[in-house]
$ cat structure27.txt   # compact mmCIF, C-alpha atoms and all ligand atoms
# COMPACT_ATOMS: atom_id res chain seq x y z
CA MET A 1 15.24 -81.26 -108.80
CA GLU A 2 13.07 -83.01 -106.26
CA THR A 3 11.00 -85.90 -107.54
CA MET A 4 7.59 -86.93 -106.25
CA ASP A 5 7.34 -90.55 -105.13
CA ARG A 6 4.53 -92.79 -106.33
CA LYS A 7 2.59 -92.63 -103.09
CA GLU A 8 2.61 -88.84 -103.04
CA PHE A 9 1.59 -88.76 -106.67
CA LEU A 10 -1.37 -91.14 -106.18
CA SER A 11 -2.44 -89.27 -103.09
CA LEU A 12 -2.44 -86.02 -105.01
CA LEU A 13 -4.33 -87.62 -107.89
CA GLY A 14 -6.95 -89.08 -105.54
CA LEU A 15 -7.56 -85.74 -103.93
CA THR A 16 -7.89 -84.04 -107.26
CA SER A 17 -10.34 -86.65 -108.57
CA ALA A 18 -12.48 -86.41 -105.45
CA ALA A 19 -12.56 -82.64 -105.65
CA PHE A 20 -13.50 -82.85 -109.30
CA ALA A 21 -16.33 -85.34 -108.66
CA VAL A 22 -17.80 -83.16 -105.94
CA SER A 23 -17.72 -79.98 -107.98
CA TYR A 24 -18.88 -81.60 -111.19
CA CYS A 25 -21.87 -83.57 -109.95
CA PHE A 26 -22.63 -82.82 -106.34
CA GLY A 27 -25.50 -84.92 -105.06
CA GLY A 28 -25.21 -87.52 -107.80
CA CYS A 29 -26.75 -85.38 -110.53
CA GLN A 30 -30.18 -85.38 -108.94
CA PRO A 31 -32.39 -82.32 -109.44
CA MET A 32 -31.42 -79.61 -107.00
CA SER A 33 -33.17 -76.49 -105.88
CA ASN A 34 -32.36 -73.42 -107.92
CA ALA A 35 -29.71 -71.11 -106.56
CA SER A 36 -30.66 -68.63 -109.26
CA THR A 37 -34.24 -68.50 -110.36
CA ALA A 38 -35.83 -67.34 -113.58
CA PRO A 39 -36.38 -63.58 -113.76
CA THR A 40 -39.98 -62.40 -113.35
CA ASN A 41 -41.67 -59.28 -114.73
CA VAL A 42 -39.17 -59.13 -117.57
CA ASN A 43 -39.54 -56.08 -119.79
CA PHE A 44 -36.58 -54.67 -121.69
CA THR A 45 -35.83 -53.48 -125.20
CA LEU A 46 -32.55 -54.11 -127.00
CA ASP A 47 -31.26 -51.70 -129.64
CA LEU A 48 -29.91 -54.05 -132.31
CA THR A 49 -27.64 -51.30 -133.69
CA ASN A 50 -25.77 -51.36 -130.34
CA PRO A 51 -22.52 -53.34 -130.81
CA ALA A 52 -23.18 -55.10 -127.49
CA TYR A 53 -26.11 -56.90 -129.15
CA SER A 54 -24.61 -57.37 -132.62
CA ALA A 55 -24.74 -61.17 -132.17
CA LEU A 56 -28.51 -60.87 -132.59
CA ASN A 57 -28.09 -59.59 -136.15
CA SER A 58 -27.00 -63.04 -137.34
CA ASN A 59 -28.87 -66.32 -137.27
CA GLY A 60 -27.44 -68.48 -134.48
CA GLY A 61 -26.28 -65.54 -132.36
CA TYR A 62 -27.28 -64.97 -128.75
CA ILE A 63 -26.73 -62.63 -125.83
CA TYR A 64 -27.58 -62.46 -122.10
CA ASN A 65 -29.42 -59.63 -120.43
CA GLY A 66 -30.89 -59.52 -116.94
CA GLY A 67 -30.87 -63.29 -116.45
CA VAL A 68 -32.42 -63.92 -119.85
CA ILE A 69 -30.78 -65.56 -122.87
CA VAL A 70 -31.99 -63.99 -126.11
CA ALA A 71 -31.18 -65.88 -129.30
CA ARG A 72 -31.75 -65.46 -132.98
CA THR A 73 -32.38 -69.01 -134.14
CA VAL A 74 -31.03 -70.60 -137.29
CA THR A 75 -34.39 -69.84 -138.91
CA GLY A 76 -34.14 -66.15 -137.99
CA THR A 77 -36.76 -65.96 -135.24
CA TYR A 78 -36.00 -64.39 -131.87
CA VAL A 79 -36.50 -66.46 -128.73
CA ALA A 80 -35.94 -65.66 -125.06
CA VAL A 81 -35.83 -67.96 -122.04
CA SER A 82 -34.33 -67.87 -118.56
CA GLN A 83 -30.56 -68.34 -118.72
CA TYR A 84 -30.59 -70.42 -115.53
CA CYS A 85 -30.82 -74.17 -116.06
CA THR A 86 -33.60 -75.63 -113.92
CA HIS A 87 -31.31 -78.45 -112.79
CA ALA A 88 -28.66 -76.55 -110.82
CA SER A 89 -28.65 -73.05 -112.28
CA GLY A 90 -25.97 -73.55 -114.90
CA THR A 91 -25.91 -70.89 -117.60
CA VAL A 92 -27.47 -72.27 -120.76
CA ILE A 93 -26.33 -71.50 -124.30
CA TYR A 94 -28.09 -71.49 -127.65
CA ASP A 95 -26.79 -74.40 -129.74
CA SER A 96 -27.22 -73.41 -133.37
CA LYS A 97 -26.07 -76.82 -134.59
CA ASN A 98 -29.12 -78.48 -133.06
CA ASN A 99 -31.35 -75.40 -132.77
CA ASP A 100 -31.89 -75.96 -129.09
CA ILE A 101 -30.86 -74.61 -125.69
CA TYR A 102 -28.06 -76.55 -124.03
CA CYS A 103 -26.66 -76.56 -120.51
CA PRO A 104 -22.95 -77.40 -120.58
CA VAL A 105 -22.83 -78.14 -116.83
CA HIS A 106 -24.50 -81.59 -116.90
CA GLY A 107 -25.88 -81.76 -120.43
CA SER A 108 -29.55 -80.87 -120.16
CA VAL A 109 -31.20 -79.92 -123.45
CA PHE A 110 -34.24 -77.67 -123.86
CA SER A 111 -36.26 -76.66 -126.88
CA THR A 112 -36.15 -73.02 -127.97
CA SER A 113 -39.47 -72.59 -126.18
CA GLY A 114 -37.94 -73.89 -122.95
CA SER A 115 -39.39 -77.41 -122.70
CA VAL A 116 -37.11 -80.22 -121.53
CA ILE A 117 -35.76 -82.43 -124.32
CA GLN A 118 -33.18 -84.20 -122.19
CA GLY A 119 -32.45 -84.21 -118.44
CA PRO A 120 -31.16 -84.21 -115.81
CA ALA A 121 -33.27 -81.04 -115.72
CA GLY A 122 -36.85 -81.99 -114.87
CA SER A 123 -38.70 -78.74 -115.47
CA PRO A 124 -38.82 -76.27 -118.34
CA LEU A 125 -37.04 -72.95 -118.65
CA VAL A 126 -39.33 -69.95 -118.28
CA LYS A 127 -40.04 -68.52 -121.71
CA TYR A 128 -40.46 -64.82 -122.49
CA ASN A 129 -42.11 -63.04 -125.40
CA THR A 130 -40.18 -61.22 -128.08
CA SER A 131 -41.36 -58.48 -130.41
CA LEU A 132 -39.28 -56.82 -133.13
CA SER A 133 -40.00 -53.29 -134.29
CA GLY A 134 -37.38 -51.91 -136.65
CA ASN A 135 -34.09 -52.31 -134.80
CA SER A 136 -35.75 -52.58 -131.39
CA LEU A 137 -36.23 -56.01 -129.92
CA ARG A 138 -38.51 -56.05 -126.91
CA VAL A 139 -38.34 -58.99 -124.48
CA TYR A 140 -41.12 -59.27 -121.93
CA SER A 141 -43.01 -61.59 -119.60
S1 LIG B 1 -27.00 -77.33 -114.15
FE1 LIG B 1 -27.12 -79.49 -114.36
S2 LIG B 1 -27.77 -79.77 -116.41
FE2 LIG B 1 -27.74 -77.62 -116.17

$ encode --input "structure27.txt" --output "structure tokens" --more "lines below"
Ligand code: FES
Amino acid sequence: METMDRKEFLSLLGLTSAAFAVSYCFGGCQPMSNASTAPTNVNFTLDLTNPAYSALNSNGGYIYNGGVIVARTVTGTYVAVSQYCTHASGTVIYDSKNNDIYCPVHGSVFSTSGSVIQGPAGSPLVKYNTSLSGNSLRVYS
């Protein structure tokens, strides 16, 4: 079996680290323009009996639809905001542990109404309205 010498190993490691740094935090984690922007004129209705949306039948569950993250919070209310982080368009998640919206790409935190709690994101997520009627959840601008 061929063994890698130390120089080759360090060279490989250096390359990997550099590639990682570039992909993880390009531009030094400064706010960047959005590659994906918040949807406008949102207007859709989710059938909560549809298995695709079953996560919304439990507190803490969430789904994505048309660029929007729709969550049922730990207190049972429905919220909807753009799924695209305003920092660099990472896809945000609903964090039921803290009842907030979290971007796993660089760690921005937003309230469930979209306002910035912690950067690097500098502007809020667009918030949408929700309205529940029976098993129909409407999400709209
Ligand atoms: S993309 Fe950077 S914090 Fe979300």

$ closest_residue --input "structure27.txt" --among "A:Ala88, A:Tyr102, A:Val116, A:Gly134" --to "ligand LIG 1 (chain B)" --atoms "all atoms listed in the file"
A:Ala88

$ residues_near_ligand --input "structure27.txt" --ligand "ligand LIG 1 (chain B)" --cutoff "8 Å" --atoms "only C-alpha atoms and all ligand atoms" --output "ChimeraX atom specification"
/A:25,29,31,84-92,102-109,119-121

$ closest_residue --input "structure27.txt" --among "A:Leu137, A:Asn50, A:Tyr78, A:Phe44" --to "Gly66 (chain A)" --atoms "all atoms listed in the file"
A:Phe44

$ closest_residue --input "structure27.txt" --among "A:Ile101, A:Gly122, A:Thr130, A:Val139" --to "Asn65 (chain A)" --atoms "all atoms listed in the file"
A:Val139

$ atom_distance --input "structure27.txt" --atom1 "CA of Asn59 (chain A)" --atom2 "CA of Asp47 (chain A)"
16.7 Å

$ atom_distance --input "structure27.txt" --atom1 "CA of Ser115 (chain A)" --atom2 "CA of Leu46 (chain A)"
24.7 Å

$ atom_distance --input "structure27.txt" --atom1 "CA of Gln118 (chain A)" --atom2 "CA of Asp100 (chain A)"
10.8 Å

$ axis_aligned_box --input "structure27.txt" --around "region 62-79 of chain A" --padding-each-side "3 Å" --output "lines of an AutoDock Vina configuration file"
center_x = -31.7
center_y = -65.1
center_z = -127.7
size_x = 16.0
size_y = 17.1
size_z = 28.5

$ residues_near_point --input "structure27.txt" --point "(-25.8, -62.2, -124.5)" --cutoff "10 Å" --atoms "only C-alpha atoms" --output "list of chain:residue names"
A:Ala52, A:Tyr53, A:Ser54, A:Ala55, A:Leu56, A:Gly61, A:Tyr62, A:Ile63, A:Tyr64, A:Asn65, A:Gly66, A:Gly67, A:Val68, A:Ile69, A:Val70, A:Ala71, A:Gln83, A:Ile93

$ closest_residue --input "structure27.txt" --among "A:Ser141, A:Ser136, A:Ser96, A:Ser36" --to "Thr49 (chain A)" --atoms "all atoms listed in the file"
A:Ser136

$ closest_residue --input "structure27.txt" --among "A:Pro51, A:Asn135, A:Thr45, A:Ser111" --to "Thr73 (chain A)" --atoms "only C-alpha atoms"
A:Ser111

$ build_atoms --input "structure27.txt" --residues "region 91-123 of chain A" --atoms "N, CA and C atoms" --output "PDB file, in the frame of the given file"
ATOM      1  N   THR A  91     -25.529 -71.856-116.560  1.00  0.00           N
ATOM      2  CA  THR A  91     -25.910 -70.890-117.600  1.00  0.00           C
ATOM      3  C   THR A  91     -26.031 -71.624-118.933  1.00  0.00           C
ATOM      4  N   VAL A  92     -27.218 -71.569-119.502  1.00  0.00           N
ATOM      5  CA  VAL A  92     -27.470 -72.270-120.760  1.00  0.00           C
ATOM      6  C   VAL A  92     -26.935 -71.467-121.944  1.00  0.00           C
ATOM      7  N   ILE A  93     -26.750 -72.150-123.055  1.00  0.00           N
ATOM      8  CA  ILE A  93     -26.330 -71.500-124.300  1.00  0.00           C
ATOM      9  C   ILE A  93     -27.327 -71.880-125.398  1.00  0.00           C
ATOM     10  N   TYR A  94     -27.311 -71.094-126.477  1.00  0.00           N
ATOM     11  CA  TYR A  94     -28.090 -71.490-127.650  1.00  0.00           C
ATOM     12  C   TYR A  94     -27.158 -72.300-128.550  1.00  0.00           C
ATOM     13  N   ASP A  95     -27.586 -73.508-128.901  1.00  0.00           N
ATOM     14  CA  ASP A  95     -26.790 -74.400-129.740  1.00  0.00           C
ATOM     15  C   ASP A  95     -27.342 -74.358-131.156  1.00  0.00           C
ATOM     16  N   SER A  96     -26.701 -73.586-132.016  1.00  0.00           N
ATOM     17  CA  SER A  96     -27.220 -73.410-133.370  1.00  0.00           C
ATOM     18  C   SER A  96     -27.139 -74.694-134.201  1.00  0.00           C
ATOM     19  N   LYS A  97     -26.217 -75.564-133.840  1.00  0.00           N
ATOM     20  CA  LYS A  97     -26.070 -76.820-134.590  1.00  0.00           C
ATOM     21  C   LYS A  97     -27.339 -77.662-134.475  1.00  0.00           C
ATOM     22  N   ASN A  98     -27.917 -77.675-133.287  1.00  0.00           N
ATOM     23  CA  ASN A  98     -29.120 -78.480-133.060  1.00  0.00           C
ATOM     24  C   ASN A  98     -30.377 -77.643-132.892  1.00  0.00           C
ATOM     25  N   ASN A  99     -30.228 -76.330-132.983  1.00  0.00           N
ATOM     26  CA  ASN A  99     -31.350 -75.400-132.770  1.00  0.00           C
ATOM     27  C   ASN A  99     -32.061 -75.688-131.462  1.00  0.00           C
ATOM     28  N   ASP A 100     -31.286 -75.766-130.402  1.00  0.00           N
ATOM     29  CA  ASP A 100     -31.890 -75.960-129.090  1.00  0.00           C
ATOM     30  C   ASP A 100     -31.083 -75.193-128.041  1.00  0.00           C
ATOM     31  N   ILE A 101     -31.530 -75.284-126.809  1.00  0.00           N
ATOM     32  CA  ILE A 101     -30.860 -74.610-125.690  1.00  0.00           C
ATOM     33  C   ILE A 101     -30.153 -75.699-124.890  1.00  0.00           C
ATOM     34  N   TYR A 102     -28.885 -75.498-124.636  1.00  0.00           N
ATOM     35  CA  TYR A 102     -28.060 -76.550-124.030  1.00  0.00           C
ATOM     36  C   TYR A 102     -27.406 -76.044-122.757  1.00  0.00           C
ATOM     37  N   CYS A 103     -27.378 -76.901-121.747  1.00  0.00           N
ATOM     38  CA  CYS A 103     -26.660 -76.560-120.510  1.00  0.00           C
ATOM     39  C   CYS A 103     -25.367 -77.359-120.472  1.00  0.00           C
ATOM     40  N   PRO A 104     -24.227 -76.682-120.546  1.00  0.00           N
ATOM     41  CA  PRO A 104     -22.950 -77.400-120.580  1.00  0.00           C
ATOM     42  C   PRO A 104     -22.533 -77.979-119.228  1.00  0.00           C
ATOM     43  N   VAL A 105     -23.265 -77.662-118.148  1.00  0.00           N
ATOM     44  CA  VAL A 105     -22.830 -78.140-116.830  1.00  0.00           C
ATOM     45  C   VAL A 105     -23.040 -79.650-116.690  1.00  0.00           C
ATOM     46  N   HIS A 106     -24.249 -80.148-116.953  1.00  0.00           N
ATOM     47  CA  HIS A 106     -24.500 -81.590-116.900  1.00  0.00           C
ATOM     48  C   HIS A 106     -25.206 -82.108-118.145  1.00  0.00           C
ATOM     49  N   GLY A 107     -25.374 -81.281-119.139  1.00  0.00           N
ATOM     50  CA  GLY A 107     -25.880 -81.760-120.430  1.00  0.00           C
ATOM     51  C   GLY A 107     -27.369 -81.700-120.668  1.00  0.00           C
ATOM     52  N   SER A 108     -28.119 -80.976-119.873  1.00  0.00           N
ATOM     53  CA  SER A 108     -29.550 -80.870-120.160  1.00  0.00           C
ATOM     54  C   SER A 108     -29.774 -80.138-121.482  1.00  0.00           C
ATOM     55  N   VAL A 109     -30.855 -80.542-122.170  1.00  0.00           N
ATOM     56  CA  VAL A 109     -31.200 -79.920-123.450  1.00  0.00           C
ATOM     57  C   VAL A 109     -32.657 -79.473-123.378  1.00  0.00           C
ATOM     58  N   PHE A 110     -32.895 -78.248-123.843  1.00  0.00           N
ATOM     59  CA  PHE A 110     -34.240 -77.670-123.860  1.00  0.00           C
ATOM     60  C   PHE A 110     -34.566 -77.238-125.287  1.00  0.00           C
ATOM     61  N   SER A 111     -35.854 -77.217-125.590  1.00  0.00           N
ATOM     62  CA  SER A 111     -36.260 -76.660-126.880  1.00  0.00           C
ATOM     63  C   SER A 111     -36.112 -75.139-126.816  1.00  0.00           C
ATOM     64  N   THR A 112     -36.255 -74.477-127.964  1.00  0.00           N
ATOM     65  CA  THR A 112     -36.150 -73.020-127.970  1.00  0.00           C
ATOM     66  C   THR A 112     -37.341 -72.365-127.289  1.00  0.00           C
ATOM     67  N   SER A 113     -38.372 -73.148-126.979  1.00  0.00           N
ATOM     68  CA  SER A 113     -39.470 -72.590-126.180  1.00  0.00           C
ATOM     69  C   SER A 113     -39.343 -72.992-124.716  1.00  0.00           C
ATOM     70  N   GLY A 114     -38.234 -73.630-124.355  1.00  0.00           N
ATOM     71  CA  GLY A 114     -37.940 -73.890-122.950  1.00  0.00           C
ATOM     72  C   GLY A 114     -38.280 -75.278-122.443  1.00  0.00           C
ATOM     73  N   SER A 115     -39.001 -76.093-123.216  1.00  0.00           N
ATOM     74  CA  SER A 115     -39.390 -77.410-122.700  1.00  0.00           C
ATOM     75  C   SER A 115     -38.175 -78.355-122.653  1.00  0.00           C
ATOM     76  N   VAL A 116     -38.228 -79.301-121.726  1.00  0.00           N
ATOM     77  CA  VAL A 116     -37.110 -80.220-121.530  1.00  0.00           C
ATOM     78  C   VAL A 116     -37.088 -81.267-122.656  1.00  0.00           C
ATOM     79  N   ILE A 117     -35.962 -81.378-123.323  1.00  0.00           N
ATOM     80  CA  ILE A 117     -35.760 -82.430-124.320  1.00  0.00           C
ATOM     81  C   ILE A 117     -34.971 -83.566-123.687  1.00  0.00           C
ATOM     82  N   GLN A 118     -34.011 -83.193-122.848  1.00  0.00           N
ATOM     83  CA  GLN A 118     -33.180 -84.200-122.190  1.00  0.00           C
ATOM     84  C   GLN A 118     -32.744 -83.699-120.825  1.00  0.00           C
ATOM     85  N   GLY A 119     -32.848 -84.572-119.794  1.00  0.00           N
ATOM     86  CA  GLY A 119     -32.450 -84.210-118.440  1.00  0.00           C
ATOM     87  C   GLY A 119     -30.935 -84.203-118.307  1.00  0.00           C
ATOM     88  N   PRO A 120     -30.455 -84.029-117.074  1.00  0.00           N
ATOM     89  CA  PRO A 120     -31.160 -84.210-115.810  1.00  0.00           C
ATOM     90  C   PRO A 120     -32.188 -83.137-115.424  1.00  0.00           C
ATOM     91  N   ALA A 121     -32.245 -82.034-116.080  1.00  0.00           N
ATOM     92  CA  ALA A 121     -33.270 -81.040-115.720  1.00  0.00           C
ATOM     93  C   ALA A 121     -34.653 -81.674-115.842  1.00  0.00           C
ATOM     94  N   GLY A 122     -35.523 -81.385-114.876  1.00  0.00           N
ATOM     95  CA  GLY A 122     -36.850 -81.990-114.870  1.00  0.00           C
ATOM     96  C   GLY A 122     -37.971 -80.999-115.143  1.00  0.00           C
ATOM     97  N   SER A 123     -37.649 -79.731-115.213  1.00  0.00           N
ATOM     98  CA  SER A 123     -38.700 -78.740-115.470  1.00  0.00           C
ATOM     99  C   SER A 123     -38.217 -77.748-116.523  1.00  0.00           C
TER     100      SER A 123
END
